[in-house]
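Student: The following file, upload.txt, comprises compact mmCIF, C-alpha atoms and all ligand atoms:
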```txt
# COMPACT_ATOMS: atom_id res chain seq x y z
CA MET A 1 3.96 -24.10 3.10
CA SER A 2 3.24 -21.12 5.38
CA THR A 3 -0.29 -19.90 6.08
CA PRO A 4 -1.47 -17.89 3.06
CA LEU A 5 -1.83 -14.15 3.48
CA LEU A 6 -5.21 -14.26 1.74
CA THR A 7 -7.59 -17.11 0.97
CA LEU A 8 -10.86 -17.10 -0.90
CA ASP A 9 -12.67 -20.32 -0.23
CA ASN A 10 -15.40 -21.27 -2.69
CA ILE A 11 -16.68 -17.68 -3.14
CA SER A 12 -19.79 -17.01 -5.20
CA LYS A 13 -21.64 -13.78 -5.96
CA ASN A 14 -24.71 -13.12 -8.08
CA PHE A 15 -26.14 -9.77 -9.11
CA GLY A 16 -29.77 -10.75 -9.70
CA SER A 17 -29.64 -13.59 -12.20
CA LEU A 18 -26.09 -12.71 -13.28
CA LYS A 19 -23.51 -15.12 -11.84
CA VAL A 20 -20.51 -12.81 -11.53
CA THR A 21 -18.30 -14.94 -9.30
CA GLN A 22 -18.66 -18.70 -9.32
CA ASN A 23 -16.98 -20.95 -6.75
CA ILE A 24 -13.68 -19.12 -6.78
CA THR A 25 -10.98 -20.62 -4.56
CA LEU A 26 -7.69 -18.79 -4.40
CA SER A 27 -4.70 -18.32 -2.07
CA VAL A 28 -2.04 -15.62 -2.08
CA HIS A 29 1.15 -16.02 -0.06
CA LYS A 30 3.43 -13.31 1.26
CA GLY A 31 5.78 -12.06 -1.44
CA GLU A 32 3.61 -13.19 -4.34
CA ALA A 33 2.56 -10.99 -7.24
CA LEU A 34 -0.60 -12.53 -8.63
CA GLY A 35 -1.62 -11.27 -12.06
CA VAL A 36 -5.33 -11.47 -12.89
CA LEU A 37 -6.49 -11.73 -16.50
CA GLY A 38 -9.85 -12.22 -18.11
CA PRO A 39 -12.08 -10.80 -20.84
CA ASN A 40 -14.16 -7.66 -20.20
CA GLY A 41 -16.97 -8.36 -17.77
CA ALA A 42 -15.38 -11.63 -16.56
CA GLY A 43 -15.70 -10.58 -12.93
CA LYS A 44 -12.18 -9.33 -12.14
CA THR A 45 -13.14 -6.09 -10.39
CA THR A 46 -15.88 -7.92 -8.51
CA LEU A 47 -13.18 -10.26 -7.22
CA PHE A 48 -11.34 -7.21 -5.84
CA ASN A 49 -14.57 -5.90 -4.34
CA LEU A 50 -15.04 -9.23 -2.58
CA ILE A 51 -11.49 -9.03 -1.18
CA SER A 52 -11.72 -5.38 -0.11
CA GLY A 53 -15.23 -5.81 1.31
CA ASP A 54 -16.96 -3.40 -1.09
CA VAL A 55 -19.13 -6.39 -2.06
CA LEU A 56 -20.09 -9.29 0.21
CA PRO A 57 -20.23 -12.86 -1.15
CA ASP A 58 -23.43 -14.91 -1.25
CA THR A 59 -21.49 -18.02 -0.23
CA GLY A 60 -17.91 -18.88 0.70
CA ARG A 61 -15.33 -17.45 3.11
CA VAL A 62 -12.52 -14.90 2.93
CA HIS A 63 -9.52 -15.12 5.27
CA PHE A 64 -6.73 -12.59 5.70
CA LYS A 65 -3.70 -13.37 7.89
CA GLY A 66 -5.60 -16.33 9.28
CA GLN A 67 -8.64 -14.25 10.36
CA ASP A 68 -12.09 -14.76 8.87
CA ILE A 69 -12.95 -11.38 7.29
CA THR A 70 -15.92 -12.56 5.19
CA ARG A 71 -18.28 -10.01 6.80
CA THR A 72 -15.66 -7.43 7.88
CA LEU A 73 -16.32 -3.86 6.72
CA PRO A 74 -14.02 -2.33 4.05
CA HIS A 75 -12.38 0.26 6.35
CA LYS A 76 -11.47 -2.47 8.84
CA ARG A 77 -9.97 -4.60 6.05
CA CYS A 78 -7.97 -1.56 4.99
CA ARG A 79 -6.63 -1.10 8.52
CA ALA A 80 -5.86 -4.82 8.70
CA GLY A 81 -3.55 -4.38 5.69
CA ILE A 82 -5.55 -4.68 2.46
CA GLY A 83 -4.94 -1.61 0.31
CA ARG A 84 -6.47 -1.06 -3.08
CA SER A 85 -6.52 1.19 -6.10
CA TYR A 86 -9.66 1.64 -8.19
CA GLN A 87 -9.96 1.22 -11.95
CA ILE A 88 -11.43 4.71 -12.21
CA ALA A 89 -9.25 6.97 -10.07
CA LEU A 90 -11.36 9.31 -7.98
CA PRO A 91 -8.95 11.42 -5.92
CA PHE A 92 -10.16 14.31 -3.79
CA GLU A 93 -9.81 16.74 -6.69
CA GLY A 94 -9.96 19.91 -4.62
CA MET A 95 -7.17 18.73 -2.34
CA THR A 96 -3.47 18.71 -3.12
CA VAL A 97 -1.60 15.53 -3.99
CA PHE A 98 0.03 15.59 -0.55
CA GLU A 99 -3.32 16.06 1.22
CA ASN A 100 -4.77 13.13 -0.72
CA LEU A 101 -1.99 10.93 0.63
CA MET A 102 -2.40 12.23 4.15
CA VAL A 103 -6.04 11.10 4.11
CA GLY A 104 -4.87 7.58 3.24
CA ALA A 105 -2.09 7.62 5.83
CA MET A 106 -4.26 8.93 8.66
CA PHE A 107 -7.18 6.69 7.75
CA GLY A 108 -5.51 3.39 7.05
CA GLY A 109 -2.00 3.69 8.44
CA ASN A 110 -0.85 2.93 11.94
CA HIS A 111 0.28 6.45 12.77
CA THR A 112 -0.53 8.00 16.06
CA ARG A 113 1.25 11.23 15.20
CA THR A 114 0.67 13.52 12.22
CA SER A 115 4.43 14.08 11.86
CA GLU A 116 4.95 10.34 11.24
CA ALA A 117 2.23 10.33 8.57
CA ASN A 118 3.82 13.43 7.02
CA ASP A 119 7.20 11.72 6.73
CA ARG A 120 5.66 8.58 5.30
CA CYS A 121 3.69 10.51 2.67
CA ALA A 122 6.79 12.43 1.62
CA THR A 123 8.67 9.14 1.15
CA ILE A 124 5.84 7.67 -0.93
CA LEU A 125 5.63 10.79 -3.10
CA GLU A 126 9.36 10.51 -3.70
CA ARG A 127 9.09 6.83 -4.65
CA THR A 128 6.09 7.27 -6.90
CA GLY A 129 7.62 10.22 -8.77
CA LEU A 130 5.02 12.67 -7.46
CA ILE A 131 7.16 14.76 -5.14
CA GLY A 132 7.27 17.63 -7.64
CA ARG A 133 3.46 17.64 -7.71
CA ALA A 134 2.96 17.53 -3.92
CA ASN A 135 1.29 20.94 -3.73
CA GLN A 136 -0.73 20.69 -6.94
CA LEU A 137 -4.47 20.08 -6.85
CA ALA A 138 -5.22 16.43 -7.69
CA GLY A 139 -7.93 17.55 -10.12
CA GLY A 140 -5.30 19.00 -12.48
CA LEU A 141 -3.09 15.92 -12.82
CA THR A 142 -2.28 14.15 -16.10
CA LEU A 143 -3.47 10.55 -16.61
CA LEU A 144 -0.09 9.08 -15.60
CA ASP A 145 0.06 11.19 -12.46
CA ARG A 146 -3.54 10.29 -11.56
CA LYS A 147 -2.56 6.62 -11.81
CA ARG A 148 0.54 7.26 -9.72
CA LEU A 149 -1.59 9.07 -7.14
CA GLU A 150 -4.07 6.18 -7.03
CA LEU A 151 -1.20 3.82 -6.27
CA ALA A 152 0.43 6.26 -3.82
CA ARG A 153 -2.83 6.67 -1.89
CA ALA A 154 -3.14 2.91 -1.54
CA LEU A 155 0.49 2.70 -0.35
CA ALA A 156 -0.16 5.42 2.23
CA THR A 157 -2.58 3.07 4.00
CA GLU A 158 0.44 0.78 4.67
CA PRO A 159 -0.86 -2.37 2.98
CA GLU A 160 0.56 -5.85 3.33
CA LEU A 161 -1.55 -6.81 0.33
CA LEU A 162 -1.99 -4.30 -2.47
CA LEU A 163 -4.77 -4.68 -5.05
CA LEU A 164 -4.05 -2.88 -8.32
CA ASP A 165 -6.92 -2.51 -10.81
CA GLU A 166 -5.83 -1.69 -14.37
CA ILE A 167 -3.24 0.95 -13.61
CA ALA A 168 -1.32 0.65 -16.90
CA GLY A 169 -4.17 1.24 -19.38
CA GLY A 170 -3.80 4.35 -21.55
CA LEU A 171 -0.15 4.94 -20.71
CA THR A 172 2.63 5.29 -23.30
CA GLU A 173 5.20 2.50 -23.57
CA HIS A 174 7.71 4.54 -21.59
CA GLU A 175 5.17 5.42 -18.89
CA ALA A 176 4.08 1.78 -18.59
CA HIS A 177 7.74 0.81 -18.18
CA GLU A 178 8.14 3.34 -15.35
CA LEU A 179 5.03 1.99 -13.70
CA VAL A 180 6.32 -1.59 -13.92
CA GLU A 181 9.54 -0.54 -12.20
CA LEU A 182 7.54 1.09 -9.45
CA VAL A 183 5.38 -2.02 -8.91
CA GLN A 184 8.53 -4.18 -8.89
CA SER A 185 10.04 -1.96 -6.18
CA ILE A 186 6.86 -2.26 -4.09
CA LEU A 187 7.05 -6.03 -4.38
CA ALA A 188 10.75 -5.99 -3.43
CA GLN A 189 9.77 -4.12 -0.29
CA GLY A 190 7.78 -7.17 0.84
CA ILE A 191 4.27 -6.01 -0.07
CA SER A 192 2.24 -8.75 -1.78
CA ILE A 193 0.33 -7.74 -4.88
CA ILE A 194 -2.72 -8.78 -6.87
CA TRP A 195 -2.79 -6.94 -10.18
CA ILE A 196 -5.67 -6.92 -12.69
CA GLU A 197 -4.24 -5.71 -15.96
CA HIS A 198 -5.10 -5.86 -19.66
CA VAL A 199 -1.62 -4.60 -20.59
CA VAL A 200 -0.25 -8.13 -20.57
CA HIS A 201 3.44 -7.37 -21.09
CA ALA A 202 3.40 -5.05 -18.06
CA LEU A 203 1.72 -7.74 -16.00
CA LEU A 204 4.14 -10.44 -17.13
CA ALA A 205 7.09 -8.27 -16.09
CA VAL A 206 5.91 -8.47 -12.48
CA ALA A 207 3.61 -11.46 -11.94
CA THR A 208 4.96 -14.53 -10.17
CA ARG A 209 1.68 -16.34 -10.87
CA LEU A 210 -1.33 -15.81 -13.13
CA PHE A 211 -5.01 -16.32 -12.40
CA VAL A 212 -7.45 -16.24 -15.32
CA ILE A 213 -11.20 -15.74 -14.96
CA ASN A 214 -13.91 -16.28 -17.55
CA PHE A 215 -17.63 -15.75 -16.87
CA GLY A 216 -16.85 -15.53 -13.14
CA GLU A 217 -15.12 -18.91 -13.08
CA LYS A 218 -11.48 -19.83 -12.67
CA LEU A 219 -10.01 -20.80 -16.03
CA ALA A 220 -6.35 -21.14 -15.03
CA ASP A 221 -4.06 -20.58 -12.05
CA GLY A 222 -0.32 -21.21 -12.25
CA PRO A 223 3.13 -20.06 -13.39
CA PRO A 224 2.79 -17.19 -15.93
CA ARG A 225 4.43 -18.96 -18.89
CA GLU A 226 2.41 -22.13 -18.38
CA VAL A 227 -0.85 -20.18 -18.14
CA MET A 228 -0.10 -18.02 -21.20
CA ASP A 229 0.76 -21.14 -23.20
CA SER A 230 -2.46 -22.93 -22.25
CA ALA A 231 -4.69 -23.58 -25.26
CA GLU A 232 -7.81 -22.71 -23.26
CA VAL A 233 -6.42 -19.33 -22.18
CA LYS A 234 -5.32 -18.51 -25.72
CA ARG A 235 -8.80 -19.35 -27.00
CA VAL A 236 -10.79 -17.46 -24.38
CA TYR A 237 -8.57 -14.51 -23.58
CA MET A 238 -6.61 -13.87 -26.73
CA GLY A 239 -9.23 -15.09 -29.19
CA ILE A 240 -6.73 -17.47 -30.79
CA ALA A 241 -8.26 -20.69 -32.13
CA VAL A 242 -5.97 -23.59 -31.29
N1 LIG B 1 -23.01 -3.81 -8.53
C1 LIG B 1 -23.34 -4.47 -9.63
N2 LIG B 1 -24.63 -4.69 -9.96
C2 LIG B 1 -24.98 -5.39 -11.06
N3 LIG B 1 -24.09 -5.90 -11.93
C3 LIG B 1 -22.80 -5.69 -11.68
C4 LIG B 1 -22.34 -4.97 -10.54
N4 LIG B 1 -20.97 -4.95 -10.56
C5 LIG B 1 -20.60 -5.61 -11.66
N5 LIG B 1 -21.68 -6.06 -12.34
C6 LIG B 1 -21.66 -6.84 -13.57
O1 LIG B 1 -20.86 -7.98 -13.30
C7 LIG B 1 -20.08 -8.34 -14.44
C8 LIG B 1 -18.62 -8.39 -14.06
O2 LIG B 1 -18.18 -7.07 -13.79
P1 LIG B 1 -16.68 -6.76 -13.36
O3 LIG B 1 -16.55 -5.25 -13.30
O4 LIG B 1 -16.34 -7.51 -12.15
O5 LIG B 1 -15.88 -7.32 -14.61
P2 LIG B 1 -14.37 -7.09 -15.06
O6 LIG B 1 -13.82 -8.41 -15.40
O7 LIG B 1 -13.64 -6.28 -14.04
O8 LIG B 1 -14.56 -6.23 -16.39
P3 LIG B 1 -13.58 -5.14 -17.09
O9 LIG B 1 -12.39 -5.88 -17.62
O10 LIG B 1 -14.44 -4.62 -18.22
O11 LIG B 1 -13.24 -4.10 -16.07
C9 LIG B 1 -20.42 -7.32 -15.52
O12 LIG B 1 -21.41 -7.88 -16.35
C10 LIG B 1 -20.96 -6.16 -14.73
O13 LIG B 1 -21.85 -5.39 -15.51
```
Can you present the structure in this file as structure tokens?
Tutor:
Amino acid sequence: MSTPLLTLDNISKNFGSLKVTQNITLSVHKGEALGVLGPNGAGKTTLFNLISGDVLPDTGRVHFKGQDITRTLPHKRCRAGIGRSYQIALPFEGMTVFENLMVGAMFGGNHTRTSEANDRCATILERTGLIGRANQLAGGLTLLDRKRLELARALATEPELLLLDEIAGGLTEHEAHELVELVQSILAQGISIIWIEHVVHALLAVATRLFVINFGEKLADGPPREVMDSAEVKRVYMGIAV
């Protein structure tokens, strides 16, 4: 098999006496959509923070495209191709939707010219259904549009690996369906994805593999159906006694 795009090798992280990530080993290959599941507080967002560099591990190594990035700063990881959305969207509220994207494109993208970044942002706004909101202030957006903007901003940084943190929560069925289609189109474009999501049916519509965490430890990693059918996953994640 080809070199993985991302590898976490035996990563651990404690916050004081709390063991939030325990000996996690994980690989993601180009073209994969890895779904991440786990109960509240299991350590899913911390896993993203360890990948994006917002948190540094106590032990273990992180590699991206074959390079050791264990101690690399977040902005450098972003420029290397790791884009992320945050669970709580915090756009620049006093800036327009378009300006928010431009910040991402100029910061993380590979554009030397503003006109290139402009074109790219317009394309992303079109794809994410935000083109009609381009000149609106981000602070006035609905929940769905805030989630779209969070994803659009991450896309503007031109990621090869996109980390999505609970983007479907709180959406109506129809809105979640639209979001799934958007994520599928991003995947089809060749961008690899890791998606933390409690809305399981949305996740299953996209994930090529599932990774389940419990108390910071890996509980399961494999094909989605197999993982969802596992007695241990049903017990821990869905609260079903088997
Ligand atoms: N910076 C921090 N300092 C101290 N404790 C933290 C910190 N970040 C996270 N934690 C704790 O680590 C544990 C795991 O948090 P994390 O946000 O990674 O879980 P999660 O699986 O994403 O949860 P949720 O599904 O509720 O979003 C929680 O108990 C949380 O309170």
Student: What gap, in Å, lies between atom CA of Gly41 of chain A and atom O3 of ligand LIG 1 (chain B)?
Tutor: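 Here the two named atoms are 5.5 Å from each other.
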Student: Each residue of chain A lying at most 6 Å from ligand LIG 1 (chain B) should get a row with its shortest atom-to-atom pair and the distance in Å to one decimal, counting only C-alpha atoms and all ligand atoms; could you produce that, ordered by chain and increasing number, as a Markdown table?
Tutor:
```
| residue | atom | partner | partner_atom | distance |
| --- | --- | --- | --- | --- |
| A:Phe15 | CA | B:LIG1 | C2 | 4.9 |
| A:Val20 | CA | B:LIG1 | O1 | 5.2 |
| A:Pro39 | CA | B:LIG1 | O9 | 5.9 |
| A:Asn40 | CA | B:LIG1 | O9 | 3.6 |
| A:Gly41 | CA | B:LIG1 | O8 | 3.5 |
| A:Ala42 | CA | B:LIG1 | O6 | 3.8 |
| A:Gly43 | CA | B:LIG1 | O4 | 3.2 |
| A:Lys44 | CA | B:LIG1 | O6 | 3.8 |
| A:Thr45 | CA | B:LIG1 | O7 | 3.7 |
| A:Thr46 | CA | B:LIG1 | O4 | 3.7 |
```
Student: Can you work out which one of A:Arg153, A:His198, A:Lys13, A:Lys218 has the shortest atom-to-atom distance to Met238 of chain A, counting all atoms listed in the file?
Tutor: A:His198
Student: Quick one: pull the distance between atom CA of Arg148 of chain A and atom CA of Val200 of chain A, Å, one decimal.
Tutor: 18.8 Å
Student: Find, counting all atoms listed in the file, the residue in A:Val227, A:Leu130, A:Ala156, A:Leu162 that gets nearest to Ala117 of chain A.
Tutor: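 For Ala117 of chain A, the nearest of the candidates is A:Ala156.
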Student: With the cut-off set at 10 Å and counting all atoms listed in the file, tabulate each residue of segment 120-185 of chain A with an atom at most that distance from an atom of segment 76-80 of chain A, showing the nearest atom pair and its distance in Å to one decimal, ordered by chain and increasing number, as a Markdown table.
Tutor:
```
| residue | atom | partner | partner_atom | distance |
| --- | --- | --- | --- | --- |
| A:Ala154 | CA | A:Cys78 | CA | 9.3 |
| A:Thr157 | CA | A:Cys78 | CA | 7.2 |
| A:Glu158 | CA | A:Arg79 | CA | 8.3 |
| A:Pro159 | CA | A:Cys78 | CA | 7.4 |
| A:Glu160 | CA | A:Ala80 | CA | 8.4 |
| A:Leu161 | CA | A:Cys78 | CA | 9.5 |
| A:Leu162 | CA | A:Cys78 | CA | 9.9 |
```
Student: Give the answer as one residue: which of A:Val36, A:Leu141, A:Leu6, A:Ala89 has the shortest atom-to-atom distance to Leu203 of chain A, using all atoms listed in the file?
Tutor: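 So, comparing all the options, the nearest one is A:Val36.
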Student: Counting only C-alpha atoms, note down every residue that has an atom within 12 Å of the point (-2.8, 11.5, 7.2) (file coordinates), as a PyMOL selection string.
Tutor: chain A and resi 97-122+153+156-158
Student: Given the choices A:Leu26, A:Leu47, A:Ala152, A:Leu56, which gets closest to Ile196 of chain A if the distance is worked out from all atoms listed in the file?
Tutor: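 That would be A:Leu47, the residue with the smallest distance to Ile196 of chain A.
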Student: For atom CA of Val206 of chain A and atom CA of Gln184 of chain A, determine how far apart the two atoms are, in Å to one decimal place.
Tutor: 6.2 Å
Student: Excluding Thr25 of chain A and any residue of its chain fewer than 3 positions from it, enumerate the residues within 9 Å of it, using all atoms listed in the file, and give them as a PDB file with C-alpha atoms, in the coordinates of the input.
Tutor:
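File written: around.pdb
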```
ATOM      1  CA  THR A   7      -7.590 -17.110   0.970  1.00  0.00           C
ATOM      2  CA  LEU A   8     -10.860 -17.100  -0.900  1.00  0.00           C
ATOM      3  CA  ASP A   9     -12.670 -20.320  -0.230  1.00  0.00           C
ATOM      4  CA  ASN A  10     -15.400 -21.270  -2.690  1.00  0.00           C
ATOM      5  CA  ILE A  11     -16.680 -17.680  -3.140  1.00  0.00           C
ATOM      6  CA  GLY A  60     -17.910 -18.880   0.700  1.00  0.00           C
ATOM      7  CA  LYS A 218     -11.480 -19.830 -12.670  1.00  0.00           C
TER       8      LYS A 218
END
```
Student: Kindly indicate which residue among A:Leu90, A:Val233, A:Leu210, A:Ala202 lies nearest to Val28 of chain A, using only C-alpha atoms for the distances.
Tutor: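 The shortest atom-to-atom distance to Val28 of chain A comes from A:Leu210.
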